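Source file: input_22.cif (mmCIF, C-alpha atoms and all ligand atoms)
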```
data_coords
#
loop_
_atom_site.group_PDB
_atom_site.id
_atom_site.type_symbol
_atom_site.label_atom_id
_atom_site.label_comp_id
_atom_site.auth_asym_id
_atom_site.auth_seq_id
_atom_site.Cartn_x
_atom_site.Cartn_y
_atom_site.Cartn_z
ATOM 1 C CA MET A 1 116.270 84.890 105.359
ATOM 2 C CA ILE A 2 117.444 86.485 102.142
ATOM 3 C CA PRO A 3 116.885 84.531 98.944
ATOM 4 C CA ARG A 4 120.157 83.167 97.631
ATOM 5 C CA ASP A 5 119.941 84.552 94.148
ATOM 6 C CA THR A 6 117.926 87.646 93.414
ATOM 7 C CA GLN A 7 119.171 88.696 90.014
ATOM 8 C CA LYS A 8 117.302 91.704 88.668
ATOM 9 C CA THR A 9 117.356 94.473 86.095
ATOM 10 C CA ASP A 10 119.546 97.093 84.369
ATOM 11 C CA PRO A 11 122.683 97.914 86.390
ATOM 12 C CA ALA A 12 122.777 101.475 85.067
ATOM 13 C CA GLN A 13 119.555 102.169 86.879
ATOM 14 C CA THR A 14 121.105 101.385 90.212
ATOM 15 C CA GLN A 15 122.751 104.784 90.187
ATOM 16 C CA GLN A 16 119.327 106.380 90.052
ATOM 17 C CA PRO A 17 117.065 106.743 93.055
ATOM 18 C CA VAL A 18 114.981 103.624 93.296
ATOM 19 C CA ARG A 19 111.819 105.642 93.252
ATOM 20 C CA ASP A 20 112.531 106.613 89.650
ATOM 21 C CA LYS A 21 111.223 103.232 88.786
ATOM 22 C CA GLU A 22 107.735 102.063 88.319
ATOM 23 C CA PRO A 23 106.856 100.080 91.427
ATOM 24 C CA VAL A 24 105.645 97.166 89.322
ATOM 25 C CA GLU A 25 109.134 96.704 87.902
ATOM 26 C CA VAL A 26 110.786 96.091 91.232
ATOM 27 C CA SER A 27 108.134 93.789 92.574
ATOM 28 C CA ASP A 28 109.105 90.156 92.180
ATOM 29 C CA SER A 29 106.001 88.323 93.261
ATOM 30 C CA PRO A 30 102.284 88.992 92.916
ATOM 31 C CA ALA A 31 101.252 92.162 94.702
ATOM 32 C CA GLU A 32 98.313 90.624 96.462
ATOM 33 C CA GLU A 33 100.587 88.128 98.195
ATOM 34 C CA GLN A 34 102.988 90.763 99.424
ATOM 35 C CA GLN A 35 102.964 92.626 102.657
ATOM 36 C CA ASP A 36 102.974 96.399 102.265
ATOM 37 C CA VAL A 37 105.205 97.088 105.241
ATOM 38 C CA SER A 38 105.013 100.814 104.573
ATOM 39 C CA THR A 39 101.419 101.067 105.743
ATOM 40 C CA ARG A 40 102.535 100.597 109.309
ATOM 41 C CA SER A 41 103.919 104.131 109.432
ATOM 42 C CA GLN A 42 101.507 106.498 107.773
ATOM 43 C CA ASP A 43 102.141 108.895 110.631
ATOM 44 C CA GLY A 44 105.853 108.126 110.479
ATOM 45 C CA VAL A 45 106.880 111.766 110.371
ATOM 46 C CA THR A 46 106.147 112.163 114.034
ATOM 47 C CA ALA A 47 107.147 108.672 115.076
ATOM 48 C CA ALA A 48 110.269 107.955 117.035
ATOM 49 C CA GLY A 49 113.016 106.335 115.007
ATOM 50 C CA HIS A 50 113.329 102.695 114.202
ATOM 51 C CA ASN A 51 115.975 100.043 114.699
ATOM 52 C CA VAL A 52 117.755 98.538 111.712
ATOM 53 C CA VAL A 53 119.478 95.255 112.471
ATOM 54 C CA LEU A 54 121.857 93.456 110.090
ATOM 55 C CA THR A 55 122.529 89.843 111.024
ATOM 56 C CA ASP A 56 125.341 87.872 109.418
ATOM 57 C CA LEU A 57 124.943 89.886 106.228
ATOM 58 C CA HIS A 58 126.964 88.732 103.240
ATOM 59 C CA ALA A 59 126.832 90.368 99.809
ATOM 60 C CA TYR A 60 128.291 89.115 96.548
ATOM 61 C CA TYR A 61 128.793 90.326 92.983
ATOM 62 C CA GLY A 62 129.159 86.996 91.222
ATOM 63 C CA SER A 63 132.205 85.500 92.905
ATOM 64 C CA VAL A 64 133.274 88.794 94.544
ATOM 65 C CA HIS A 65 132.462 88.525 98.240
ATOM 66 C CA ALA A 66 132.011 92.234 99.027
ATOM 67 C CA VAL A 67 130.380 92.110 102.474
ATOM 68 C CA ARG A 68 131.502 89.355 104.816
ATOM 69 C CA GLY A 69 129.267 88.533 107.728
ATOM 70 C CA VAL A 70 128.318 91.932 109.112
ATOM 71 C CA ASN A 71 126.349 92.097 112.363
ATOM 72 C CA ILE A 72 125.251 95.531 113.453
ATOM 73 C CA THR A 73 122.356 97.497 114.898
ATOM 74 C CA PHE A 74 121.679 101.018 113.668
ATOM 75 C CA PRO A 75 119.708 102.557 116.512
ATOM 76 C CA PRO A 76 116.854 105.013 116.136
ATOM 77 C CA ASN A 77 117.421 108.767 116.320
ATOM 78 C CA GLU A 78 121.134 108.437 115.851
ATOM 79 C CA VAL A 79 123.504 109.067 113.007
ATOM 80 C CA SER A 80 125.744 106.085 112.276
ATOM 81 C CA ALA A 81 128.744 106.817 110.058
ATOM 82 C CA ILE A 82 130.459 104.170 107.936
ATOM 83 C CA ILE A 83 134.114 104.722 107.136
ATOM 84 C CA GLY A 84 136.809 102.598 105.523
ATOM 85 C CA PRO A 85 139.078 102.503 102.495
ATOM 86 C CA SER A 86 137.723 102.555 98.956
ATOM 87 C CA GLY A 87 136.314 99.183 97.924
ATOM 88 C CA CYS A 88 135.836 97.893 101.483
ATOM 89 C CA GLY A 89 132.091 97.370 100.958
ATOM 90 C CA LYS A 90 130.491 100.469 102.499
ATOM 91 C CA SER A 91 128.127 101.217 99.610
ATOM 92 C CA THR A 92 127.317 97.561 99.121
ATOM 93 C CA MET A 93 126.360 97.128 102.759
ATOM 94 C CA VAL A 94 124.182 100.227 102.729
ATOM 95 C CA ARG A 95 122.494 99.197 99.472
ATOM 96 C CA CYS A 96 121.561 95.871 101.067
ATOM 97 C CA ILE A 97 119.479 97.772 103.619
ATOM 98 C CA ASN A 98 116.964 99.031 101.055
ATOM 99 C CA ARG A 99 117.389 96.040 98.742
ATOM 100 C CA MET A 100 119.070 97.960 95.951
ATOM 101 C CA HIS A 101 122.001 95.552 95.878
ATOM 102 C CA GLU A 102 119.872 92.844 94.351
ATOM 103 C CA GLU A 103 119.105 95.077 91.344
ATOM 104 C CA ILE A 104 122.597 94.438 89.962
ATOM 105 C CA PRO A 105 122.745 91.401 87.668
ATOM 106 C CA GLY A 106 124.601 88.575 89.384
ATOM 107 C CA ALA A 107 124.446 90.265 92.772
ATOM 108 C CA ARG A 108 123.025 88.481 95.770
ATOM 109 C CA ALA A 109 122.877 88.809 99.510
ATOM 110 C CA GLU A 110 122.578 86.399 102.414
ATOM 111 C CA GLY A 111 121.736 86.968 106.028
ATOM 112 C CA SER A 112 118.997 89.213 107.332
ATOM 113 C CA VAL A 113 118.047 92.857 107.575
ATOM 114 C CA THR A 114 115.216 93.795 109.879
ATOM 115 C CA LEU A 115 113.469 97.083 110.504
ATOM 116 C CA ASP A 116 112.099 96.761 114.013
ATOM 117 C CA ASP A 117 110.256 93.464 113.809
ATOM 118 C CA VAL A 118 109.933 93.311 110.010
ATOM 119 C CA ASP A 119 112.306 91.143 107.990
ATOM 120 C CA LEU A 120 112.912 93.363 104.945
ATOM 121 C CA TYR A 121 113.857 90.311 102.877
ATOM 122 C CA GLY A 122 110.833 88.318 104.001
ATOM 123 C CA ASP A 123 109.105 86.353 101.259
ATOM 124 C CA ASN A 124 105.930 88.365 101.639
ATOM 125 C CA VAL A 125 107.532 91.789 101.729
ATOM 126 C CA ASP A 126 107.007 94.113 98.784
ATOM 127 C CA VAL A 127 110.272 95.740 97.646
ATOM 128 C CA THR A 128 108.607 99.052 96.837
ATOM 129 C CA SER A 129 107.356 99.414 100.363
ATOM 130 C CA VAL A 130 110.831 98.624 101.701
ATOM 131 C CA ARG A 131 112.161 101.533 99.663
ATOM 132 C CA ARG A 132 109.441 103.802 100.933
ATOM 133 C CA LEU A 133 110.505 103.033 104.479
ATOM 134 C CA VAL A 134 114.223 103.189 103.749
ATOM 135 C CA GLY A 135 115.066 106.272 101.694
ATOM 136 C CA MET A 136 118.412 106.826 100.011
ATOM 137 C CA VAL A 137 120.443 109.913 99.130
ATOM 138 C CA PHE A 138 123.281 109.523 96.639
ATOM 139 C CA GLN A 139 126.731 110.973 96.205
ATOM 140 C CA LYS A 140 125.831 113.073 93.218
ATOM 141 C CA PRO A 141 122.678 115.180 93.442
ATOM 142 C CA ASN A 142 120.318 113.635 90.917
ATOM 143 C CA PRO A 143 117.272 115.841 90.366
ATOM 144 C CA PHE A 144 115.113 114.715 87.467
ATOM 145 C CA PRO A 145 116.214 117.007 84.638
ATOM 146 C CA THR A 146 112.826 117.597 83.077
ATOM 147 C CA MET A 147 111.006 118.280 86.334
ATOM 148 C CA SER A 148 110.349 121.472 88.249
ATOM 149 C CA ILE A 149 111.515 121.977 91.813
ATOM 150 C CA PHE A 150 108.018 121.117 93.050
ATOM 151 C CA GLU A 151 107.717 118.022 90.890
ATOM 152 C CA ASN A 152 111.149 116.795 91.924
ATOM 153 C CA VAL A 153 110.049 116.700 95.547
ATOM 154 C CA ALA A 154 106.666 115.218 94.644
ATOM 155 C CA ALA A 155 108.216 112.517 92.443
ATOM 156 C CA GLY A 156 108.937 110.001 95.191
ATOM 157 C CA LEU A 157 105.463 110.431 96.592
ATOM 158 C CA ARG A 158 103.850 109.902 93.215
ATOM 159 C CA LEU A 159 105.618 106.563 92.878
ATOM 160 C CA THR A 160 104.976 105.302 96.365
ATOM 161 C CA GLY A 161 101.354 106.394 96.591
ATOM 162 C CA THR A 162 99.543 109.665 97.073
ATOM 163 C CA LYS A 163 96.262 108.405 98.439
ATOM 164 C CA GLY A 164 95.070 110.777 101.137
ATOM 165 C CA VAL A 165 98.156 112.954 100.767
ATOM 166 C CA ASN A 166 97.899 116.723 100.431
ATOM 167 C CA MET A 167 100.659 117.008 97.855
ATOM 168 C CA ARG A 168 101.201 120.752 98.127
ATOM 169 C CA GLU A 169 101.390 120.661 101.863
ATOM 170 C CA ARG A 170 103.714 117.655 101.897
ATOM 171 C CA VAL A 171 106.091 119.159 99.303
ATOM 172 C CA HIS A 172 106.220 122.520 101.091
ATOM 173 C CA ARG A 173 106.854 120.788 104.408
ATOM 174 C CA ALA A 174 109.711 118.737 102.942
ATOM 175 C CA LEU A 175 111.293 121.863 101.446
ATOM 176 C CA ARG A 176 111.077 123.566 104.832
ATOM 177 C CA ALA A 177 112.537 120.525 106.558
ATOM 178 C CA VAL A 178 115.659 120.703 104.399
ATOM 179 C CA GLY A 179 115.983 124.473 104.789
ATOM 180 C CA LEU A 180 115.321 125.139 101.124
ATOM 181 C CA TRP A 181 111.940 126.795 101.337
ATOM 182 C CA GLU A 182 113.084 130.412 101.551
ATOM 183 C CA GLU A 183 115.476 129.880 98.652
ATOM 184 C CA VAL A 184 112.946 128.305 96.281
ATOM 185 C CA LYS A 185 109.454 129.381 97.351
ATOM 186 C CA ASN A 186 109.157 131.859 94.486
ATOM 187 C CA ARG A 187 110.475 129.502 91.840
ATOM 188 C CA LEU A 188 108.774 126.188 92.537
ATOM 189 C CA ASN A 189 107.883 125.759 88.877
ATOM 190 C CA GLU A 190 111.400 126.316 87.604
ATOM 191 C CA PRO A 191 113.607 123.329 86.732
ATOM 192 C CA GLY A 192 115.271 121.492 89.623
ATOM 193 C CA ILE A 193 118.539 121.405 87.718
ATOM 194 C CA GLY A 194 118.614 125.226 87.799
ATOM 195 C CA LEU A 195 119.623 125.068 91.469
ATOM 196 C CA SER A 196 123.207 125.050 92.753
ATOM 197 C CA GLY A 197 124.826 121.703 93.584
ATOM 198 C CA GLY A 198 124.234 122.143 97.313
ATOM 199 C CA GLN A 199 120.642 123.188 96.735
ATOM 200 C CA GLN A 200 120.146 120.212 94.411
ATOM 201 C CA GLN A 201 121.397 117.851 97.101
ATOM 202 C CA ARG A 202 118.982 119.355 99.619
ATOM 203 C CA LEU A 203 116.256 119.040 96.973
ATOM 204 C CA CYS A 204 117.054 115.335 96.691
ATOM 205 C CA ILE A 205 116.961 115.001 100.468
ATOM 206 C CA ALA A 206 113.553 116.764 100.380
ATOM 207 C CA ARG A 207 112.393 114.180 97.823
ATOM 208 C CA THR A 208 113.414 111.445 100.267
ATOM 209 C CA VAL A 209 111.913 113.177 103.304
ATOM 210 C CA ALA A 210 108.596 113.897 101.512
ATOM 211 C CA VAL A 211 107.861 110.184 101.414
ATOM 212 C CA GLU A 212 108.225 110.110 105.211
ATOM 213 C CA PRO A 213 110.520 107.119 105.482
ATOM 214 C CA GLU A 214 111.729 105.623 108.743
ATOM 215 C CA VAL A 215 115.364 105.279 107.758
ATOM 216 C CA ILE A 216 117.557 107.510 105.585
ATOM 217 C CA LEU A 217 120.685 106.079 103.991
ATOM 218 C CA MET A 218 123.224 108.545 102.629
ATOM 219 C CA ASP A 219 126.146 107.418 100.503
ATOM 220 C CA GLU A 220 128.763 110.187 100.540
ATOM 221 C CA PRO A 221 126.082 112.880 100.281
ATOM 222 C CA CYS A 222 128.511 115.782 100.520
ATOM 223 C CA SER A 223 131.360 114.641 98.336
ATOM 224 C CA ALA A 224 130.256 116.833 95.425
ATOM 225 C CA LEU A 225 129.574 119.880 97.599
ATOM 226 C CA ASP A 226 131.624 122.895 98.671
ATOM 227 C CA PRO A 227 132.287 123.482 102.398
ATOM 228 C CA VAL A 228 129.347 125.862 102.848
ATOM 229 C CA ALA A 229 126.860 123.515 101.209
ATOM 230 C CA THR A 230 128.407 120.624 103.141
ATOM 231 C CA LEU A 231 127.841 122.445 106.406
ATOM 232 C CA LYS A 232 124.180 123.011 105.513
ATOM 233 C CA VAL A 233 123.661 119.345 104.762
ATOM 234 C CA GLU A 234 125.428 118.381 107.991
ATOM 235 C CA GLU A 235 123.178 120.714 109.986
ATOM 236 C CA LEU A 236 120.227 119.169 108.236
ATOM 237 C CA ILE A 237 121.379 115.645 109.126
ATOM 238 C CA ASP A 238 121.558 116.722 112.746
ATOM 239 C CA GLU A 239 117.930 117.888 112.605
ATOM 240 C CA LEU A 240 116.708 114.855 110.677
ATOM 241 C CA LYS A 241 118.006 112.419 113.265
ATOM 242 C CA GLU A 242 115.247 113.517 115.626
ATOM 243 C CA ARG A 243 112.838 111.700 113.349
ATOM 244 C CA TYR A 244 114.874 109.151 111.476
ATOM 245 C CA THR A 245 117.465 106.448 111.785
ATOM 246 C CA ILE A 246 120.354 107.743 109.684
ATOM 247 C CA VAL A 247 123.251 105.822 108.163
ATOM 248 C CA ILE A 248 125.852 107.883 106.335
ATOM 249 C CA VAL A 249 128.832 106.644 104.352
ATOM 250 C CA THR A 250 131.624 109.187 104.287
ATOM 251 C CA HIS A 251 135.245 109.415 103.252
ATOM 252 C CA ASN A 252 135.615 112.541 105.296
ATOM 253 C CA MET A 253 136.618 111.623 108.829
ATOM 254 C CA GLN A 254 136.043 115.156 110.057
ATOM 255 C CA GLN A 255 132.515 114.851 108.751
ATOM 256 C CA ALA A 256 132.008 111.560 110.565
ATOM 257 C CA ALA A 257 133.312 113.223 113.731
ATOM 258 C CA ARG A 258 130.971 116.196 113.262
ATOM 259 C CA VAL A 259 127.713 114.462 112.404
ATOM 260 C CA SER A 260 127.674 110.962 113.808
ATOM 261 C CA ASP A 261 126.936 109.433 117.179
ATOM 262 C CA THR A 262 128.648 106.155 116.390
ATOM 263 C CA THR A 263 131.111 105.206 113.684
ATOM 264 C CA VAL A 264 131.714 101.905 111.970
ATOM 265 C CA PHE A 265 135.098 101.047 110.486
ATOM 266 C CA MET A 266 135.029 98.508 107.654
ATOM 267 C CA LEU A 267 137.924 96.753 105.958
ATOM 268 C CA ASP A 268 137.814 94.154 103.175
ATOM 269 C CA GLY A 269 134.079 93.613 103.584
ATOM 270 C CA GLU A 270 134.255 93.098 107.321
ATOM 271 C CA LEU A 271 133.079 95.257 110.164
ATOM 272 C CA ILE A 272 136.213 95.817 112.209
ATOM 273 C CA GLU A 273 134.952 98.150 114.902
ATOM 274 C CA HIS A 274 131.771 99.990 115.841
ATOM 275 C CA ALA A 275 131.991 102.485 118.677
ATOM 276 C CA PRO A 276 130.850 105.913 119.835
ATOM 277 C CA THR A 277 132.418 108.278 117.303
ATOM 278 C CA ASP A 278 134.617 110.066 119.788
ATOM 279 C CA GLN A 279 135.956 106.766 121.091
ATOM 280 C CA LEU A 280 136.578 105.293 117.645
ATOM 281 C CA PHE A 281 138.655 108.291 116.595
ATOM 282 C CA THR A 282 140.562 108.855 119.834
ATOM 283 C CA ARG A 283 140.769 105.440 121.508
ATOM 284 C CA PRO A 284 140.139 102.776 118.867
ATOM 285 C CA LYS A 285 140.322 99.239 120.168
ATOM 286 C CA ASP A 286 141.492 97.583 116.982
ATOM 287 C CA GLU A 287 144.936 98.330 115.696
ATOM 288 C CA ARG A 288 143.638 98.395 112.083
ATOM 289 C CA THR A 289 141.134 101.102 113.003
ATOM 290 C CA GLU A 290 143.894 103.093 114.598
ATOM 291 C CA ARG A 291 146.075 102.846 111.526
ATOM 292 C CA TYR A 292 143.205 104.019 109.322
ATOM 293 C CA VAL A 293 142.043 106.936 111.465
ATOM 294 C CA THR A 294 145.607 108.143 111.906
ATOM 295 C CA GLY A 295 146.097 108.100 108.139
ATOM 296 C CA LYS A 296 148.601 105.241 108.045
ATOM 297 C CA PHE A 297 146.657 103.474 105.293
ATOM 298 C CA GLY A 298 143.656 103.969 103.011
HETATM 299 N N1 LIG A 301 128.581 96.414 90.279
HETATM 300 C C1 LIG A 301 129.641 95.732 90.748
HETATM 301 N N2 LIG A 301 130.074 94.626 90.127
HETATM 302 C C2 LIG A 301 131.129 93.918 90.592
HETATM 303 N N3 LIG A 301 131.815 94.249 91.698
HETATM 304 C C3 LIG A 301 131.434 95.337 92.366
HETATM 305 C C4 LIG A 301 130.328 96.153 91.924
HETATM 306 N N4 LIG A 301 130.196 97.190 92.781
HETATM 307 C C5 LIG A 301 131.158 97.038 93.715
HETATM 308 N N5 LIG A 301 131.911 95.931 93.463
HETATM 309 C C6 LIG A 301 133.045 95.439 94.264
HETATM 310 O O1 LIG A 301 132.592 95.206 95.598
HETATM 311 C C7 LIG A 301 133.557 95.659 96.529
HETATM 312 C C8 LIG A 301 132.931 96.706 97.447
HETATM 313 O O2 LIG A 301 132.570 97.838 96.681
HETATM 314 P P1 LIG A 301 131.796 99.083 97.313
HETATM 315 O O3 LIG A 301 131.344 99.922 96.187
HETATM 316 O O4 LIG A 301 130.770 98.585 98.258
HETATM 317 O O5 LIG A 301 132.973 99.785 98.136
HETATM 318 P P2 LIG A 301 132.992 101.167 98.915
HETATM 319 O O6 LIG A 301 133.540 100.881 100.269
HETATM 320 O O7 LIG A 301 131.664 101.830 98.828
HETATM 321 O O8 LIG A 301 134.085 101.972 98.087
HETATM 322 P P3 LIG A 301 134.189 103.558 97.762
HETATM 323 O O9 LIG A 301 134.673 104.180 99.021
HETATM 324 O O10 LIG A 301 135.208 103.621 96.666
HETATM 325 O O11 LIG A 301 132.840 104.043 97.343
HETATM 326 C C9 LIG A 301 134.731 96.187 95.704
HETATM 327 O O12 LIG A 301 135.670 95.156 95.601
HETATM 328 C C10 LIG A 301 134.116 96.491 94.376
HETATM 329 O O13 LIG A 301 135.052 96.375 93.342
HETATM 330 MG MG MG A 302 131.001 103.583 97.887
#
```
Before anything else, please render the file you have as structure tokens.
Ligand SMILES: Nc1ncnc2c1ncn2[C@@H]1O[C@H](COP(=O)(O)OP(=O)(O)OP(=O)(O)O)[C@@H](O)[C@H]1O
Ligand SMILES: [Mg+2]
Amino acid sequence: MIPRDTQKTDPAQTQQPVRDKEPVEVSDSPAEEQQDVSTRSQDGVTAAGHNVVLTDLHAYYGSVHAVRGVNITFPPNEVSAIIGPSGCGKSTMVRCINRMHEEIPGARAEGSVTLDDVDLYGDNVDVTSVRRLVGMVFQKPNPFPTMSIFENVAAGLRLTGTKGVNMRERVHRALRAVGLWEEVKNRLNEPGIGLSGGQQQRLCIARTVAVEPEVILMDEPCSALDPVATLKVEELIDELKERYTIVIVTHNMQQAARVSDTTVFMLDGELIEHAPTDQLFTRPKDERTERYVTGKFG
């Protein structure tokens, strides 16, 4: 079960990828007592996907009850889209999956999140290893401004451990996986921020992929991108699902229809409906879902 109060550090940092941080800062009990759950998937890049199960998940910011008893399974090798009006708790729910929610002062979560058989909030589980297994891509591409393209991709790896890793090979592979290799192979030492917005977002996805997680969370990953860059990221998501469990928050219902296998509709912190995407958009069961997908509110 999730500890009742897990108050942590600087809220501003929550907008940064968690791997920006020193692992020691996010660890809240002695390392030797904690289970490094990430070691179970050193060959994770070739592994089939993994199940993420949320059971009676509640999330709070002080007295604000942002997520209200969500039960859901995100199955392996599928893209699950989360839709719903602004403020309904989409980002909060997703941030509970990799334990970023608890970084906000006063924020806490209750319930459970498991990755296959591992309780990600278990007392013995090391938070850094949770974040290695559950990668996150943010709304705004956030390459590290002082780092080269190569170093941006290597950054996550350097924080989560490079023992036995051929860095060059891993970085090149990640850049190929996100379709960026041809565009950047001759400028790997140039600054990451010199890339276009769409390229920067794929660079950030490469940074996530390089760590070889099991789950990739994306919170409105295309909202800052033009239609061409959006299409590239969507194609990439389609390829990535062969290896990963993918959860994507989107305000763009066409995007949800294009990329996802199932879609979740949330309202006021509750999960209203979860169904195959086609069904949710064309034959929703709940009248509130229907009103939202037909543009009658939100
Ligand atoms: N840091 C915070 N402190 C206090 N309340 C917060 C914080 N972040 C979010 N909330 C509140 O929690 C609720 C859910 O917010 P959340 O960001 O999860 O919504 P969302 O569905 O992702 O919205 P959007 O589509 O606008 O991104 C809202 O009522 C919001 O005001
Ligand atoms: Mg949000």
Discussion item. With distances taken over all atoms listed in the file, which residue among A:Arg108, A:Asn98, A:Ser91, A:Gly49 lies nearest A:Gly62?
Written reply: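 Answer, going by the shortest atom-to-atom distance: A:Arg108.
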Practice prompt. Apply the PyMOL selection byres (((chain A and resi 181-184) around 12) and not hetatm) to the file shown and report the selected residues as a VMD selection string.
Written response: chain A and resid 148 to 150 153 171 to 180 185 to 192 194 to 196 198 to 200 202 to 203 206
Practice prompt. Choose the residue, out of A:Gly69, A:Glu220, A:Val52, A:Val249, that has the smallest atom-to-atom separation from A:Asp117; count all atoms listed in the file.
Written response: A:Val52
Discussion item. I'd like to know which of A:Thr263, A:Thr282, A:Ser86, A:Ser63 is closest to ligand LIG 301 (chain A), using all atoms listed in the file.
Written reply: A:Ser86
Fill in: Nearest to A:Ile248, chosen from A:Asp219, A:Asp261, A:Glu78, A:Glu235, with all atoms listed in the file counted in the distances
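Nearest to A:Ile248: A:Asp219.
When only C-alpha atoms and all ligand atoms are used to compute distances to ligand LIG 301 (chain A), the closest of the residues A:Ile72, A:Leu157, A:Ile82, A:Leu115 turns out to be A:Ile82.
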Fill in: Residues selected by the PyMOL selection byres (((not hetatm)) within 12 of (chain A and resi 302)), written as a ChimeraX atom specification
/A:15,66,82-95,138-140,218-221,223,248-251,266,269
Output file for the residues above (C-alpha atoms, as a CSV table (one decimal), in the coordinates of the input):
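To be explicit, this is the file written out as out-v4.csv:
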```
chain,number,residue,atom,x,y,z
A,15,GLN,CA,122.8,104.8,90.2
A,66,ALA,CA,132.0,92.2,99.0
A,82,ILE,CA,130.5,104.2,107.9
A,83,ILE,CA,134.1,104.7,107.1
A,84,GLY,CA,136.8,102.6,105.5
A,85,PRO,CA,139.1,102.5,102.5
A,86,SER,CA,137.7,102.6,99.0
A,87,GLY,CA,136.3,99.2,97.9
A,88,CYS,CA,135.8,97.9,101.5
A,89,GLY,CA,132.1,97.4,101.0
A,90,LYS,CA,130.5,100.5,102.5
A,91,SER,CA,128.1,101.2,99.6
A,92,THR,CA,127.3,97.6,99.1
A,93,MET,CA,126.4,97.1,102.8
A,94,VAL,CA,124.2,100.2,102.7
A,95,ARG,CA,122.5,99.2,99.5
A,138,PHE,CA,123.3,109.5,96.6
A,139,GLN,CA,126.7,111.0,96.2
A,140,LYS,CA,125.8,113.1,93.2
A,218,MET,CA,123.2,108.5,102.6
A,219,ASP,CA,126.1,107.4,100.5
A,220,GLU,CA,128.8,110.2,100.5
A,221,PRO,CA,126.1,112.9,100.3
A,223,SER,CA,131.4,114.6,98.3
A,248,ILE,CA,125.9,107.9,106.3
A,249,VAL,CA,128.8,106.6,104.4
A,250,THR,CA,131.6,109.2,104.3
A,251,HIS,CA,135.2,109.4,103.3
A,266,MET,CA,135.0,98.5,107.7
A,269,GLY,CA,134.1,93.6,103.6
```
